[in-house]
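Here is the file coords_13.txt (compact mmCIF, C-alpha atoms).
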```
# COMPACT_ATOMS: atom_id res chain seq x y z
CA MET L 121 215.70 -30.65 73.17
CA GLU L 122 218.68 -32.18 74.98
CA PRO L 123 217.98 -35.92 74.50
CA PHE L 124 219.66 -37.15 77.65
CA GLY L 125 219.15 -34.48 80.28
CA SER L 126 222.75 -33.67 81.23
CA ASP L 127 226.31 -34.40 80.21
CA PRO L 128 227.80 -37.41 82.05
CA PRO L 129 231.32 -37.56 83.45
CA ALA L 130 233.71 -38.41 80.63
CA ALA L 131 235.34 -41.21 82.57
CA ARG L 132 232.00 -42.97 82.94
CA GLU L 133 230.92 -42.47 79.36
CA ALA L 134 233.96 -44.35 78.09
CA ASN L 135 232.79 -47.55 79.79
CA ALA L 136 229.07 -46.86 79.95
CA LEU L 137 228.04 -50.20 78.45
CA ASP L 138 229.86 -51.95 81.30
CA THR L 139 227.24 -51.38 83.97
CA THR L 140 228.79 -53.39 86.77
CA GLY L 141 229.45 -51.93 90.18
CA SER L 142 228.07 -48.66 91.53
CA LEU L 143 229.04 -46.41 88.63
CA PHE L 144 226.14 -47.29 86.35
CA ASP L 145 225.11 -43.86 85.14
CA PRO L 146 221.88 -44.11 83.11
CA VAL L 147 222.59 -40.87 81.26
CA ALA L 148 226.07 -42.08 80.35
CA LEU L 149 224.58 -45.35 79.11
CA LEU L 150 222.25 -43.50 76.75
CA HIS L 151 225.11 -41.38 75.46
CA ALA L 152 227.17 -44.51 74.80
CA LEU L 153 224.30 -46.25 73.01
CA ASP L 154 223.87 -43.17 70.85
CA GLN L 155 227.38 -43.90 69.54
CA ARG L 156 227.44 -47.69 69.64
CA VAL L 157 224.16 -48.44 67.86
CA PRO L 158 224.90 -46.55 64.62
CA GLY L 159 228.51 -47.72 64.70
CA TYR L 160 227.44 -51.34 64.97
CA TYR L 161 224.93 -51.07 62.15
CA ALA L 162 227.46 -49.29 59.97
CA ASP L 163 229.74 -52.34 60.33
CA VAL L 164 226.80 -54.61 59.51
CA ASP L 165 225.92 -52.55 56.42
CA ARG L 166 229.55 -52.77 55.22
CA GLY L 167 229.39 -56.55 55.49
CA LEU L 168 231.95 -56.68 58.29
CA LEU L 169 229.70 -58.62 60.67
CA VAL L 170 227.18 -61.44 60.31
CA TYR L 171 223.76 -60.13 61.37
CA PRO L 172 222.00 -60.86 63.59
CA ALA L 173 224.79 -61.78 65.96
CA CYS L 174 223.01 -64.95 67.06
CA LYS L 175 223.58 -66.43 63.57
CA ARG L 176 227.39 -66.23 63.72
CA SER L 177 229.34 -69.47 63.60
CA VAL L 178 232.94 -70.59 64.01
CA GLY L 179 235.13 -68.69 61.56
CA ASP L 180 232.94 -65.59 61.46
CA VAL L 181 234.29 -62.28 62.71
CA GLN L 182 233.47 -61.65 66.38
CA ALA L 183 231.74 -64.99 66.85
CA ASP L 184 232.93 -65.31 70.46
CA VAL L 185 230.44 -65.35 73.30
CA ARG L 186 231.42 -61.91 74.57
CA SER L 187 230.86 -60.23 71.20
CA ILE L 188 227.57 -62.02 70.51
CA TRP L 189 226.32 -61.07 73.99
CA GLU L 190 227.25 -57.41 73.53
CA HIS L 191 225.97 -57.17 69.95
CA THR L 192 222.68 -58.94 70.64
CA ARG L 193 222.01 -56.46 73.42
CA ILE L 194 222.78 -53.57 71.08
CA GLU L 195 220.35 -55.04 68.55
CA ALA L 196 217.60 -54.99 71.17
CA ALA L 197 218.47 -51.46 72.33
CA ARG L 198 218.38 -50.05 68.81
CA TYR L 199 214.61 -49.64 69.02
CA ILE L 200 214.89 -47.26 71.97
CA MET L 201 217.54 -45.22 70.20
CA ALA L 202 215.28 -44.98 67.13
CA VAL L 203 212.43 -43.26 69.00
CA PRO L 204 211.87 -39.97 67.14
CA GLN L 205 211.12 -37.70 70.11
CA ARG L 206 213.97 -38.59 72.43
CA ASP L 207 212.40 -37.70 75.74
CA PHE L 208 214.68 -40.12 77.56
CA ALA L 209 213.97 -38.47 80.88
CA LEU L 210 211.01 -40.85 80.90
CA LEU L 211 213.52 -43.66 81.36
CA THR L 212 215.87 -41.98 83.83
CA HIS L 213 214.25 -39.17 85.83
CA PRO L 214 212.46 -40.12 89.08
CA GLU L 215 209.75 -37.52 88.47
CA ARG L 216 208.75 -39.17 85.18
CA GLN L 217 208.67 -42.83 86.21
CA ALA L 218 205.04 -43.08 87.26
CA GLU L 219 203.99 -41.62 83.90
CA MET L 220 206.20 -44.05 81.99
CA PHE L 221 205.12 -47.15 83.89
CA ASP L 222 201.44 -46.25 83.59
CA VAL L 223 201.68 -46.14 79.80
CA PHE L 224 203.81 -49.27 79.63
CA LEU L 225 201.34 -51.28 81.71
CA ARG L 226 198.47 -50.26 79.42
CA GLN L 227 200.30 -51.70 76.41
CA LYS L 228 198.78 -54.93 75.09
CA LEU L 229 201.21 -57.84 74.78
CA HIS L 230 202.24 -58.79 71.26
CA GLU L 231 205.19 -60.35 69.42
CA ASP L 232 205.95 -57.66 66.85
CA THR L 233 209.44 -56.32 66.11
CA VAL L 234 208.30 -54.04 63.26
CA VAL L 235 207.49 -50.71 64.88
CA GLU L 236 205.33 -47.76 63.91
CA PHE L 237 206.05 -44.79 66.11
CA THR L 238 203.29 -42.39 67.10
CA GLU L 239 205.30 -39.25 67.98
CA VAL L 240 204.00 -39.59 71.56
CA PRO L 241 207.13 -40.17 73.70
CA THR L 242 205.65 -42.47 76.34
CA ALA L 243 203.88 -44.59 73.74
CA ASP L 244 206.92 -44.74 71.47
CA LEU L 245 209.31 -45.74 74.26
CA THR L 246 206.86 -48.45 75.29
CA ILE L 247 206.70 -49.68 71.67
CA ALA L 248 210.49 -49.71 71.52
CA ILE L 249 210.97 -51.57 74.81
CA VAL L 250 208.49 -54.27 73.81
CA ALA L 251 210.03 -54.59 70.34
CA GLY L 252 213.46 -55.10 71.92
CA LEU L 253 212.15 -57.86 74.15
CA ASN L 254 210.43 -59.51 71.19
CA TRP L 255 213.66 -59.28 69.18
CA LEU L 256 215.50 -61.11 71.94
CA ASN L 257 212.82 -63.79 71.97
CA GLN L 258 213.31 -64.29 68.24
CA CYS L 259 217.08 -64.47 68.68
CA ALA L 260 216.66 -66.97 71.50
CA TYR L 261 214.51 -69.20 69.30
CA SER L 262 217.02 -68.93 66.43
CA ALA L 263 219.99 -69.74 68.67
CA GLY L 264 218.26 -72.69 70.34
CA VAL L 265 217.96 -71.28 73.85
CA ASP L 266 216.24 -73.60 76.32
CA PRO L 267 212.57 -72.43 76.17
CA SER L 268 212.37 -72.49 79.96
CA LYS L 269 214.82 -69.57 80.06
CA CYS L 270 212.95 -67.28 77.69
CA THR L 271 209.29 -68.32 77.74
CA GLY L 272 206.91 -65.62 78.91
CA THR L 273 209.45 -62.81 78.60
CA LEU L 274 206.88 -60.05 78.17
CA ARG L 275 204.58 -61.37 80.88
CA ASN L 276 207.47 -61.67 83.31
CA PHE L 277 208.75 -58.19 82.56
CA ARG L 278 205.26 -56.81 82.98
CA LYS L 279 205.17 -58.33 86.48
CA VAL L 280 208.42 -56.53 87.27
CA ALA L 281 206.90 -53.30 85.95
CA VAL L 282 203.83 -53.73 88.18
CA VAL L 283 206.03 -53.97 91.27
CA ALA L 284 208.10 -51.00 90.12
CA ARG L 285 204.97 -48.92 89.57
CA GLN L 286 203.87 -49.71 93.12
CA TRP L 287 207.30 -48.59 94.38
CA TRP L 288 206.95 -45.24 92.59
CA SER L 289 203.43 -44.75 93.95
CA LEU L 290 204.70 -44.67 97.53
CA GLU L 291 205.19 -41.32 99.19
CA GLY L 292 208.79 -40.14 99.13
CA SER L 293 209.83 -42.42 96.25
CA GLY L 294 211.70 -39.59 94.54
CA ASP L 295 213.78 -38.88 97.62
CA ARG L 296 214.47 -42.58 98.10
CA CYS L 297 215.55 -42.87 94.48
CA HIS L 298 218.02 -39.98 94.79
CA LYS L 299 219.40 -41.47 98.00
CA MET L 300 219.85 -44.89 96.39
CA LEU L 301 221.62 -43.37 93.39
CA THR L 302 223.93 -41.41 95.66
CA GLU L 303 224.79 -44.60 97.54
CA GLY L 304 225.35 -46.63 94.37
CA GLY L 305 222.03 -48.46 94.54
CA ARG L 306 219.65 -49.43 91.75
CA PRO L 307 216.21 -47.86 92.14
CA PRO L 308 213.56 -49.23 89.75
CA LEU L 309 214.09 -46.70 86.98
CA MET L 310 212.65 -47.98 83.72
CA LEU L 311 216.07 -47.87 82.05
CA TYR L 312 217.63 -50.02 84.78
CA LEU L 313 214.90 -52.64 84.46
CA VAL L 314 214.97 -52.73 80.66
CA TRP L 315 218.76 -52.86 80.41
CA SER L 316 218.94 -55.62 83.02
CA GLU L 317 216.43 -57.77 81.11
CA TYR L 318 218.09 -57.11 77.77
CA THR L 319 221.42 -58.12 79.32
CA ARG L 320 220.07 -61.33 80.83
CA LEU L 321 218.36 -62.49 77.65
CA SER L 322 221.30 -61.52 75.43
CA LYS L 323 223.58 -63.67 77.55
CA GLU L 324 221.32 -66.69 77.08
CA VAL L 325 221.34 -66.06 73.32
CA ALA L 326 225.13 -65.71 73.22
CA VAL L 327 225.74 -68.92 75.16
CA ALA L 328 223.39 -70.95 72.96
CA ALA L 329 224.79 -69.41 69.75
CA THR L 330 228.38 -70.09 70.80
CA TYR L 331 228.10 -73.52 72.41
CA GLY L 332 224.93 -74.90 70.84
CA SER L 333 223.37 -75.57 74.23
CA SER L 334 222.90 -74.21 77.71
CA LEU L 335 225.95 -73.28 79.75
CA GLU L 336 225.55 -76.34 81.97
CA ARG L 337 225.36 -78.76 79.05
CA ALA L 338 228.26 -77.09 77.27
CA ALA L 339 230.46 -77.42 80.35
CA GLU L 340 229.52 -81.07 80.71
CA ALA L 341 230.22 -81.76 77.02
CA ALA L 342 233.65 -80.12 77.31
CA ARG L 343 234.54 -82.27 80.31
CA ASP L 344 233.43 -85.43 78.54
CA ARG L 345 235.42 -84.51 75.43
CA PHE L 346 238.68 -83.98 77.32
CA VAL L 347 238.25 -87.18 79.29
CA LYS L 348 237.62 -89.10 76.09
CA GLU L 349 240.38 -87.50 74.01
CA LEU L 350 243.18 -87.35 76.58
CA PRO L 351 242.98 -90.55 78.68
CA GLU L 352 246.64 -91.39 78.10
CA ARG L 353 247.89 -87.85 78.80
CA PRO L 354 246.67 -87.23 82.35
CA ASP L 355 248.65 -84.04 82.94
CA GLU L 356 247.35 -82.52 79.74
CA MET L 357 243.83 -83.67 80.56
CA ARG L 358 243.93 -82.10 84.05
CA ALA L 359 245.17 -78.82 82.62
CA ALA L 360 242.44 -78.82 79.96
CA LEU L 361 239.75 -79.64 82.50
CA ALA L 362 240.95 -76.89 84.84
CA ALA L 363 241.03 -74.30 82.05
CA SER L 364 237.59 -75.34 80.84
CA ALA L 365 236.14 -75.20 84.35
CA GLU L 366 237.57 -71.71 84.83
CA THR L 367 236.13 -70.50 81.52
CA PHE L 368 232.63 -71.75 82.23
CA ALA L 369 232.71 -70.55 85.85
CA ARG L 370 233.67 -67.06 84.70
CA LEU L 371 230.90 -67.07 82.11
CA HIS L 372 228.37 -68.30 84.65
CA LEU L 373 229.22 -65.49 87.07
CA ALA L 374 229.49 -62.71 84.49
CA VAL L 375 226.74 -60.10 84.52
CA GLU L 376 228.28 -57.96 81.77
CA PRO L 377 230.05 -58.87 78.50
CA ALA L 378 233.03 -56.73 79.57
CA GLU L 379 233.73 -59.18 82.40
CA LEU L 380 234.76 -61.79 79.84
CA PRO L 381 238.20 -61.79 78.18
CA LEU L 382 238.60 -60.50 74.65
```

Would you mind giving the structure from this file in structure tokens?
Amino acid sequence: MEPFGSDPPAAREANALDTTGSLFDPVALLHALDQRVPGYYADVDRGLLVYPACKRSVGDVQADVRSIWEHTRIEAARYIMAVPQRDFALLTHPERQAEMFDVFLRQKLHEDTVVEFTEVPTADLTIAIVAGLNWLNQCAYSAGVDPSKCTGTLRNFRKVAVVARQWWSLEGSGDRCHKMLTEGGRPPLMLYLVWSEYTRLSKEVAVAATYGSSLERAAEAARDRFVKELPERPDEMRAALAASAETFARLHLAVEPAELPL
């Protein structure tokens, strides 16, 4: 069985994990993850990276916010890529969405990250999606993320899934989906919704792991530090404050790790 449905354009596959703009190709994303997940865990197994990424500290390899964001998201996605029967059309094909959402919404909420697959594709993908969300909750707790930003993750995602299932139940949803994809839109495909939530939560984890607090508090602490340390060097202080403000503004606006500098 072809696990992804069709071969994506090569130009998209190269940057598939950067899903900004209108070129987010779900098939290309799955192809990229099929390469990135084993590559990442090979580096972990060789001792090249501290694992999980949320436990990295100053002096560790790839302990910057961009790397922790990207790697935490890969850690969550690994469950999907581990599903034995890779019927990923359930995540990407309009004709399969109602089936996928129905099974997902019947899943009881739990906090497990240890998975036991059933060899039933819809059930196994549901198990994997939930395990990824639970993994991100554990990382958020470990990194010290503000609980208000990650409490009720599963319940909130289930609410999103309920609305998406209603969208797919409407007559003509398949045609609308194809039209939206053609125009660069984001129909409520399961993969879009899962990847978006993994991305959002991974960013919160990366910020807390890197700065030890929320983005707002980190920016405030940086301002206070420069004002305190450079009162007699006003030009240097202004330059430091401007650079710090730019860094935190860019991080605040970023929706993908690739938007941040290396």

Report task. Measuring atom to atom with all atoms listed in the file, identify which of L:Gly304, L:Val157, L:Ala360, L:Trp287 is nearest to Arg193 of chain L. Result -> L:Val157

I want to know what sits within 9 Å of segment 315-317 of chain L, based on all atoms listed in the file, with residues of the same chain fewer than 4 positions away left out; could you give that as a PDB file with C-alpha atoms, keeping the file's coordinate frame?
```pdb
ATOM      1  CA  ARG L 193     222.010 -56.460  73.420  1.00  0.00           C
ATOM      2  CA  ALA L 197     218.470 -51.460  72.330  1.00  0.00           C
ATOM      3  CA  LEU L 253     212.150 -57.860  74.150  1.00  0.00           C
ATOM      4  CA  THR L 273     209.450 -62.810  78.600  1.00  0.00           C
ATOM      5  CA  PHE L 277     208.750 -58.190  82.560  1.00  0.00           C
ATOM      6  CA  MET L 310     212.650 -47.980  83.720  1.00  0.00           C
ATOM      7  CA  LEU L 311     216.070 -47.870  82.050  1.00  0.00           C
ATOM      8  CA  LEU L 321     218.360 -62.490  77.650  1.00  0.00           C
ATOM      9  CA  SER L 322     221.300 -61.520  75.430  1.00  0.00           C
TER      10      SER L 322
END
```

**Report entry** Nearest to Ala209 of chain L by atom-to-atom distance, counting all atoms listed in the file, from L:Glu366, L:Tyr161, L:Pro241, L:Met357
**Finding:** L:Pro241

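With distances taken over all atoms listed in the file, L:Val235 is the one residue among L:Thr192, L:Val235, L:Val265, L:Gln182 lying closest to Pro204 of chain L.
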
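When all atoms listed in the file are used to compute distances to Ala329 of chain L, the closest of the residues L:Phe208, L:Tyr261, L:Tyr199, L:Tyr160 turns out to be L:Tyr261.
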
Requested in this report: Determine, counting all atoms listed in the file, which protein, DNA and RNA residues have an atom within 8 Å of an atom of Val185 of chain L; residues of the same chain fewer than 5 positions away are not included. Present the result as an MDAnalysis selection string.
Outcome: chainID L and resid 326:327 329:330
